[in-house]
>>> print(open('input.pdb').read())   # PDB, C-alpha atoms
ATOM      1  CA  MET D   1     -72.475 102.470  32.272
ATOM      2  CA  TYR D   2     -75.493 101.932  34.476
ATOM      3  CA  LYS D   3     -79.100 102.728  33.659
ATOM      4  CA  LEU D   4     -81.410 103.664  36.511
ATOM      5  CA  PHE D   5     -85.182 103.806  36.224
ATOM      6  CA  TYR D   6     -85.780 106.919  38.228
ATOM      7  CA  ALA D   7     -88.485 109.033  39.826
ATOM      8  CA  ASN D   8     -88.358 111.836  42.352
ATOM      9  CA  LYS D   9     -89.815 111.083  45.798
ATOM     10  CA  SER D  10     -88.711 107.451  45.479
ATOM     11  CA  ALA D  11     -85.939 105.157  46.669
ATOM     12  CA  SER D  12     -84.275 105.554  43.285
ATOM     13  CA  MET D  13     -82.929 108.862  44.592
ATOM     14  CA  GLY D  14     -80.872 106.999  47.186
ATOM     15  CA  VAL D  15     -79.436 104.716  44.509
ATOM     16  CA  ARG D  16     -78.541 107.736  42.394
ATOM     17  CA  VAL D  17     -76.643 109.215  45.357
ATOM     18  CA  MET D  18     -74.680 105.982  45.582
ATOM     19  CA  LEU D  19     -73.808 106.117  41.881
ATOM     20  CA  GLU D  20     -72.592 109.675  42.381
ATOM     21  CA  GLU D  21     -70.514 108.655  45.407
ATOM     22  CA  ILE D  22     -68.996 105.742  43.494
ATOM     23  CA  GLY D  23     -68.234 108.026  40.565
ATOM     24  CA  VAL D  24     -69.451 105.826  37.723
ATOM     25  CA  PRO D  25     -71.334 106.967  34.606
ATOM     26  CA  TYR D  26     -75.065 106.377  34.524
ATOM     27  CA  ASP D  27     -78.168 107.316  32.586
ATOM     28  CA  LEU D  28     -81.502 108.111  34.198
ATOM     29  CA  ILE D  29     -84.651 106.704  32.628
ATOM     30  CA  GLN D  30     -87.565 108.748  33.914
ATOM     31  CA  THR D  31     -90.572 106.828  35.153
ATOM     32  CA  SER D  32     -93.312 107.389  37.732
ATOM     33  CA  VAL D  33     -94.334 106.322  41.225
ATOM     34  CA  ASP D  34     -97.978 106.820  40.270
ATOM     35  CA  MET D  35     -99.332 103.299  39.845
ATOM     36  CA  ASP D  36    -102.094 104.610  37.566
ATOM     37  CA  ARG D  37     -99.580 105.842  34.995
ATOM     38  CA  PRO D  38     -97.920 103.579  32.406
ATOM     39  CA  ARG D  39     -94.442 102.244  33.053
ATOM     40  CA  PRO D  40     -91.720 101.662  30.453
ATOM     41  CA  PRO D  41     -91.940  98.060  29.197
ATOM     42  CA  GLU D  42     -88.245  97.517  29.944
ATOM     43  CA  GLN D  43     -88.849  98.447  33.583
ATOM     44  CA  LEU D  44     -91.826  96.087  33.893
ATOM     45  CA  ALA D  45     -89.870  93.278  32.288
ATOM     46  CA  ILE D  46     -87.408  93.439  35.190
ATOM     47  CA  ASN D  47     -89.779  94.369  37.996
ATOM     48  CA  PRO D  48     -93.396  93.443  37.171
ATOM     49  CA  ASN D  49     -94.499  95.260  40.348
ATOM     50  CA  GLY D  50     -93.805  98.514  38.535
ATOM     51  CA  TRP D  51     -91.737  99.977  41.373
ATOM     52  CA  VAL D  52     -88.398 101.757  41.365
ATOM     53  CA  PRO D  53     -85.468 101.647  41.669
ATOM     54  CA  VAL D  54     -84.573  99.324  38.833
ATOM     55  CA  LEU D  55     -80.880  99.195  37.913
ATOM     56  CA  LEU D  56     -79.438  97.869  34.652
ATOM     57  CA  TRP D  57     -75.855  97.284  33.532
ATOM     58  CA  GLU D  58     -74.226  95.337  30.758
ATOM     59  CA  GLY D  59     -75.205  91.751  31.374
ATOM     60  CA  GLY D  60     -77.485  92.272  34.353
ATOM     61  CA  ALA D  61     -80.419  93.994  36.020
ATOM     62  CA  MET D  62     -82.092  94.018  39.426
ATOM     63  CA  TYR D  63     -84.593  95.765  41.661
ATOM     64  CA  GLU D  64     -85.143  96.346  45.429
ATOM     65  CA  CYS D  65     -83.234  99.274  46.917
ATOM     66  CA  ALA D  66     -81.482  97.379  49.717
ATOM     67  CA  ALA D  67     -80.333  94.651  47.323
ATOM     68  CA  ILE D  68     -79.043  97.234  44.832
ATOM     69  CA  THR D  69     -77.226  98.990  47.666
ATOM     70  CA  VAL D  70     -75.364  95.847  48.700
ATOM     71  CA  TYR D  71     -74.616  94.941  45.079
ATOM     72  CA  LEU D  72     -73.133  98.341  44.250
ATOM     73  CA  CYS D  73     -71.064  98.400  47.430
ATOM     74  CA  ASP D  74     -69.617  94.973  46.688
ATOM     75  CA  ARG D  75     -69.073  95.692  42.994
ATOM     76  CA  HIS D  76     -67.220  98.945  43.759
ATOM     77  CA  PRO D  77     -65.229  98.276  46.942
ATOM     78  CA  ASP D  78     -62.858 101.179  46.275
ATOM     79  CA  ALA D  79     -65.731 103.565  47.085
ATOM     80  CA  ARG D  80     -65.627 102.230  50.668
ATOM     81  CA  LEU D  81     -69.381 102.461  51.125
ATOM     82  CA  ALA D  82     -69.689  99.176  53.023
ATOM     83  CA  PRO D  83     -67.611  96.946  55.277
ATOM     84  CA  ALA D  84     -66.033  94.068  53.397
ATOM     85  CA  VAL D  85     -67.117  90.483  53.925
ATOM     86  CA  GLY D  86     -65.303  89.368  57.049
ATOM     87  CA  ASP D  87     -65.245  92.839  58.602
ATOM     88  CA  PRO D  88     -66.997  92.723  62.015
ATOM     89  CA  ALA D  89     -69.092  95.761  61.023
ATOM     90  CA  ARG D  90     -70.539  93.884  58.041
ATOM     91  CA  ALA D  91     -73.225  92.266  60.193
ATOM     92  CA  LEU D  92     -74.520  95.606  61.493
ATOM     93  CA  PHE D  93     -74.442  97.040  57.974
ATOM     94  CA  LEU D  94     -76.604  94.247  56.553
ATOM     95  CA  GLN D  95     -78.896  94.166  59.583
ATOM     96  CA  THR D  96     -79.544  97.908  59.328
ATOM     97  CA  LEU D  97     -80.222  97.874  55.587
ATOM     98  CA  VAL D  98     -82.734  95.052  55.946
ATOM     99  CA  TYR D  99     -84.388  96.813  58.891
ATOM    100  CA  PHE D 100     -84.672  99.984  56.817
ATOM    101  CA  SER D 101     -86.143  98.073  53.883
ATOM    102  CA  ASN D 102     -88.417  95.582  55.622
ATOM    103  CA  THR D 103     -89.556  97.526  58.672
ATOM    104  CA  ILE D 104     -89.275 101.298  58.306
ATOM    105  CA  GLN D 105     -90.263 101.311  54.643
ATOM    106  CA  ASN D 106     -93.227  99.081  55.474
ATOM    107  CA  ALA D 107     -94.372 101.641  58.056
ATOM    108  CA  TYR D 108     -94.223 104.338  55.403
ATOM    109  CA  GLN D 109     -96.284 102.167  53.053
ATOM    110  CA  LEU D 110     -99.004 101.923  55.677
ATOM    111  CA  THR D 111     -99.222 105.714  55.821
ATOM    112  CA  TYR D 112     -98.964 106.431  52.090
ATOM    113  CA  TYR D 113    -100.825 103.409  50.697
ATOM    114  CA  PRO D 114    -103.193 102.152  53.430
ATOM    115  CA  ASP D 115    -105.478 100.652  50.781
ATOM    116  CA  ARG D 116    -102.861  97.961  50.129
ATOM    117  CA  PHE D 117    -103.265  96.597  53.652
ATOM    118  CA  VAL D 118    -107.033  96.462  54.141
ATOM    119  CA  ASN D 119    -110.009  94.933  52.394
ATOM    120  CA  ALA D 120    -112.438  97.793  53.032
ATOM    121  CA  SER D 121    -111.869 101.503  52.511
ATOM    122  CA  ALA D 122    -113.415 102.146  55.923
ATOM    123  CA  ASP D 123    -110.368 100.512  57.509
ATOM    124  CA  GLU D 124    -107.757 102.642  55.729
ATOM    125  CA  SER D 125    -107.654 105.260  58.475
ATOM    126  CA  SER D 126    -106.812 102.594  61.055
ATOM    127  CA  ALA D 127    -104.001 101.209  58.871
ATOM    128  CA  LYS D 128    -102.604 104.698  58.370
ATOM    129  CA  GLN D 129    -102.627 105.412  62.105
ATOM    130  CA  ARG D 130    -100.851 102.126  62.783
ATOM    131  CA  GLY D 131     -98.221 103.103  60.221
ATOM    132  CA  ILE D 132     -97.636 106.417  61.953
ATOM    133  CA  ARG D 133     -97.155 104.638  65.284
ATOM    134  CA  ARG D 134     -94.764 102.210  63.604
ATOM    135  CA  LEU D 135     -92.703 105.129  62.299
ATOM    136  CA  TRP D 136     -92.321 106.394  65.856
ATOM    137  CA  GLU D 137     -91.385 102.922  67.067
ATOM    138  CA  THR D 138     -88.982 102.008  64.287
ATOM    139  CA  TRP D 139     -87.152 105.329  64.088
ATOM    140  CA  THR D 140     -86.721 105.164  67.868
ATOM    141  CA  VAL D 141     -84.994 101.793  67.467
ATOM    142  CA  ILE D 142     -82.546 103.289  64.950
ATOM    143  CA  ASP D 143     -82.005 106.411  67.047
ATOM    144  CA  ASN D 144     -81.084 104.246  70.035
ATOM    145  CA  GLN D 145     -78.886 102.014  67.872
ATOM    146  CA  ILE D 146     -76.884 105.024  66.667
ATOM    147  CA  GLY D 147     -76.327 106.417  70.149
ATOM    148  CA  ASP D 148     -73.193 108.569  70.196
ATOM    149  CA  ASN D 149     -71.841 107.171  66.919
ATOM    150  CA  GLN D 150     -70.671 109.652  64.310
ATOM    151  CA  TRP D 151     -72.297 107.532  61.587
ATOM    152  CA  VAL D 152     -74.639 104.541  61.560
ATOM    153  CA  LEU D 153     -71.690 102.117  61.642
ATOM    154  CA  GLY D 154     -69.595 104.135  64.078
ATOM    155  CA  ASP D 155     -66.785 106.329  62.758
ATOM    156  CA  ARG D 156     -67.116 105.325  59.085
ATOM    157  CA  PHE D 157     -69.453 106.816  56.520
ATOM    158  CA  SER D 158     -71.328 104.146  54.561
ATOM    159  CA  ALA D 159     -74.255 103.463  52.287
ATOM    160  CA  ALA D 160     -76.328 102.921  55.443
ATOM    161  CA  ASP D 161     -76.072 106.660  56.102
ATOM    162  CA  ILE D 162     -77.285 107.418  52.576
ATOM    163  CA  TYR D 163     -80.217 105.054  53.090
ATOM    164  CA  LEU D 164     -81.031 106.655  56.445
ATOM    165  CA  PHE D 165     -81.050 110.114  54.889
ATOM    166  CA  MET D 166     -83.271 108.955  52.037
ATOM    167  CA  LEU D 167     -85.857 107.600  54.477
ATOM    168  CA  THR D 168     -85.911 110.799  56.533
ATOM    169  CA  THR D 169     -86.908 112.780  53.435
ATOM    170  CA  TRP D 170     -90.138 110.809  53.296
ATOM    171  CA  LEU D 171     -91.381 112.165  56.643
ATOM    172  CA  ARG D 172     -94.385 114.442  56.156
ATOM    173  CA  SER D 173     -95.827 116.355  59.094
ATOM    174  CA  GLY D 174     -98.926 117.091  57.054
ATOM    175  CA  ILE D 175    -100.068 113.478  57.249
ATOM    176  CA  GLY D 176     -99.131 113.002  60.898
ATOM    177  CA  HIS D 177     -95.608 111.624  60.599
ATOM    178  CA  PRO D 178     -93.211 112.367  63.444
ATOM    179  CA  SER D 179     -90.602 115.034  62.834
ATOM    180  CA  VAL D 180     -87.000 113.957  62.358
ATOM    181  CA  ASP D 181     -86.262 116.361  65.224
ATOM    182  CA  GLU D 182     -87.840 113.779  67.534
ATOM    183  CA  PHE D 183     -84.883 111.470  66.801
ATOM    184  CA  PRO D 184     -81.771 113.558  67.536
ATOM    185  CA  ASN D 185     -79.199 110.938  66.579
ATOM    186  CA  VAL D 186     -80.952 110.218  63.291
ATOM    187  CA  LYS D 187     -81.207 113.959  62.593
ATOM    188  CA  ARG D 188     -77.529 114.509  63.338
ATOM    189  CA  ILE D 189     -76.513 111.935  60.745
ATOM    190  CA  ALA D 190     -79.110 113.103  58.215
ATOM    191  CA  ASP D 191     -77.821 116.673  58.538
ATOM    192  CA  ALA D 192     -74.255 115.480  57.949
ATOM    193  CA  VAL D 193     -75.254 113.449  54.875
ATOM    194  CA  LEU D 194     -77.122 116.460  53.478
ATOM    195  CA  LYS D 195     -73.830 118.366  53.209
ATOM    196  CA  ARG D 196     -72.328 115.894  50.749
ATOM    197  CA  PRO D 197     -72.109 117.149  47.138
ATOM    198  CA  SER D 198     -73.815 114.007  45.830
ATOM    199  CA  VAL D 199     -76.840 114.633  48.029
ATOM    200  CA  GLN D 200     -76.962 118.331  47.223
ATOM    201  CA  LEU D 201     -77.155 117.399  43.540
ATOM    202  CA  VAL D 202     -79.720 114.598  43.721
ATOM    203  CA  TYR D 203     -81.961 116.090  46.402
ATOM    204  CA  GLU D 204     -82.095 119.646  45.074
ATOM    205  CA  PRO D 205     -85.923 119.477  44.618
ATOM    206  CA  TRP D 206     -86.368 118.278  48.215
ATOM    207  CA  ILE D 207     -83.917 120.843  49.572
ATOM    208  CA  ALA D 208     -85.862 123.588  47.823
ATOM    209  CA  ASN D 209     -89.171 122.268  49.168
ATOM    210  CA  PRO D 210     -89.155 119.413  51.720
ATOM    211  CA  GLU D 211     -92.916 118.949  51.240
ATOM    212  CA  TYR D 212     -92.678 118.687  47.430
TER     213      TYR D 212
END
>>> encode(input="input.pdb", output="structure tokens")
Amino acid sequence: MYKLFYANKSASMGVRVMLEEIGVPYDLIQTSVDMDRPRPPEQLAINPNGWVPVLLWEGGAMYECAAITVYLCDRHPDARLAPAVGDPARALFLQTLVYFSNTIQNAYQLTYYPDRFVNASADESSAKQRGIRRLWETWTVIDNQIGDNQWVLGDRFSAADIYLFMLTTWLRSGIGHPSVDEFPNVKRIADAVLKRPSVQLVYEPWIANPEY
């Protein structure tokens, strides 16, 4: 039994999709992405930053979405959500997850939380604009990497496709983000992931209202 500290509009949704795909029991512990609201003490004891996802299981706990993704894939190899160690595709899998986490997610942070990157409020607009440009740049890199592949890793569905879909749901035209339509290979994979029952379940609020 896993426990997942969970909030809509956050990376914890991607981890929940993985738990559904793996087919293991889990409990959701509702929390918030609003940094001005209190967090459960158990969550803060594991991740003092106050962010989600935070995953717990008997005898262990961890945070950081990319790290949780790799851990779950390796702990549940029968789900076939990642290439095994020694598989030539393993390198691309890890490279892509880290790029998603360290580069694309950082670009989103610039657009959603520009105050974290500047000393003066007058500079927040500049940080936000740089984040928007970085979203164009970084999604273009992934779109080119995918090329004609059916999935991120080629002909095999993996957790990298779940992560890609999760990140596309954070695009908001209302704050100047590019549309996923600008990245046809990314959109093709995101549309395919959307059809999966696990995603239909977890992302029902987003499906009903992509700007929620």
>>> closest_residue(input="input.pdb", among="D:Thr169, D:Asn8, D:Ser158, D:Ser198", to="Pro83 of chain D", atoms="all atoms listed in the file")
D:Ser158
>>> residues_around(input="input.pdb", residues="segment 21-31 of chain D", least_positions_apart="6", cutoff="9 Å", atoms="only C-alpha atoms", output="number ranges by chain")
D: 1-7, 38-40, 43, 52, 72-73, 76, 78-81, 197-198
>>> closest_atom_pairs(input="input.pdb", of="segment 121-191 of chain D", to="segment 96-104 of chain D", cutoff="8 Å", atoms="only C-alpha atoms", output="tab-separated table")
residue	atom	partner	partner_atom	distance
D:Arg134	CA	D:Ile104	CA	7.7
D:Leu135	CA	D:Ile104	CA	6.5
D:Thr138	CA	D:Ile104	CA	6.0
D:Trp139	CA	D:Ile104	CA	7.4
D:Ala160	CA	D:Leu97	CA	6.4
D:Tyr163	CA	D:Leu97	CA	7.6
D:Leu164	CA	D:Phe100	CA	7.6
>>> atom_distance(input="input.pdb", atom1="atom CA of Pro41 of chain D", atom2="atom CA of Gly14 of chain D")
22.9 Å
>>> closest_residue(input="input.pdb", among="D:Thr140, D:Asp87, D:Gly174, D:Gln105", to="Ala66 of chain D", atoms="only C-alpha atoms")
D:Gln105
>>> closest_residue(input="input.pdb", among="D:Val118, D:Ile162, D:Ile189, D:Ile132", to="Gln150 of chain D", atoms="all atoms listed in the file")
D:Ile189
>>> closest_residue(input="input.pdb", among="D:Ala107, D:Ala45, D:Leu94, D:Ala159", to="Gly131 of chain D", atoms="all atoms listed in the file")
D:Ala107
>>> closest_residue(input="input.pdb", among="D:Asn47, D:Pro205, D:Asn185, D:Ala82", to="Met18 of chain D", atoms="all atoms listed in the file")
D:Ala82
>>> atom_distance(input="input.pdb", atom1="atom CA of Asp161 of chain D", atom2="atom CA of Asp74 of chain D")
16.3 Å
>>> resolve_selection(input="input.pdb", expression="the PyMOL selection byres ((chain D and resi 145) around 12)", output="MDAnalysis selection string")
chainID D and resid 92:93 95:96 99 138:144 146:154 183:186
>>> closest_residue(input="input.pdb", among="D:Ser121, D:Ser173, D:Thr69, D:Ser12", to="Pro210 of chain D", atoms="all atoms listed in the file")
D:Ser173
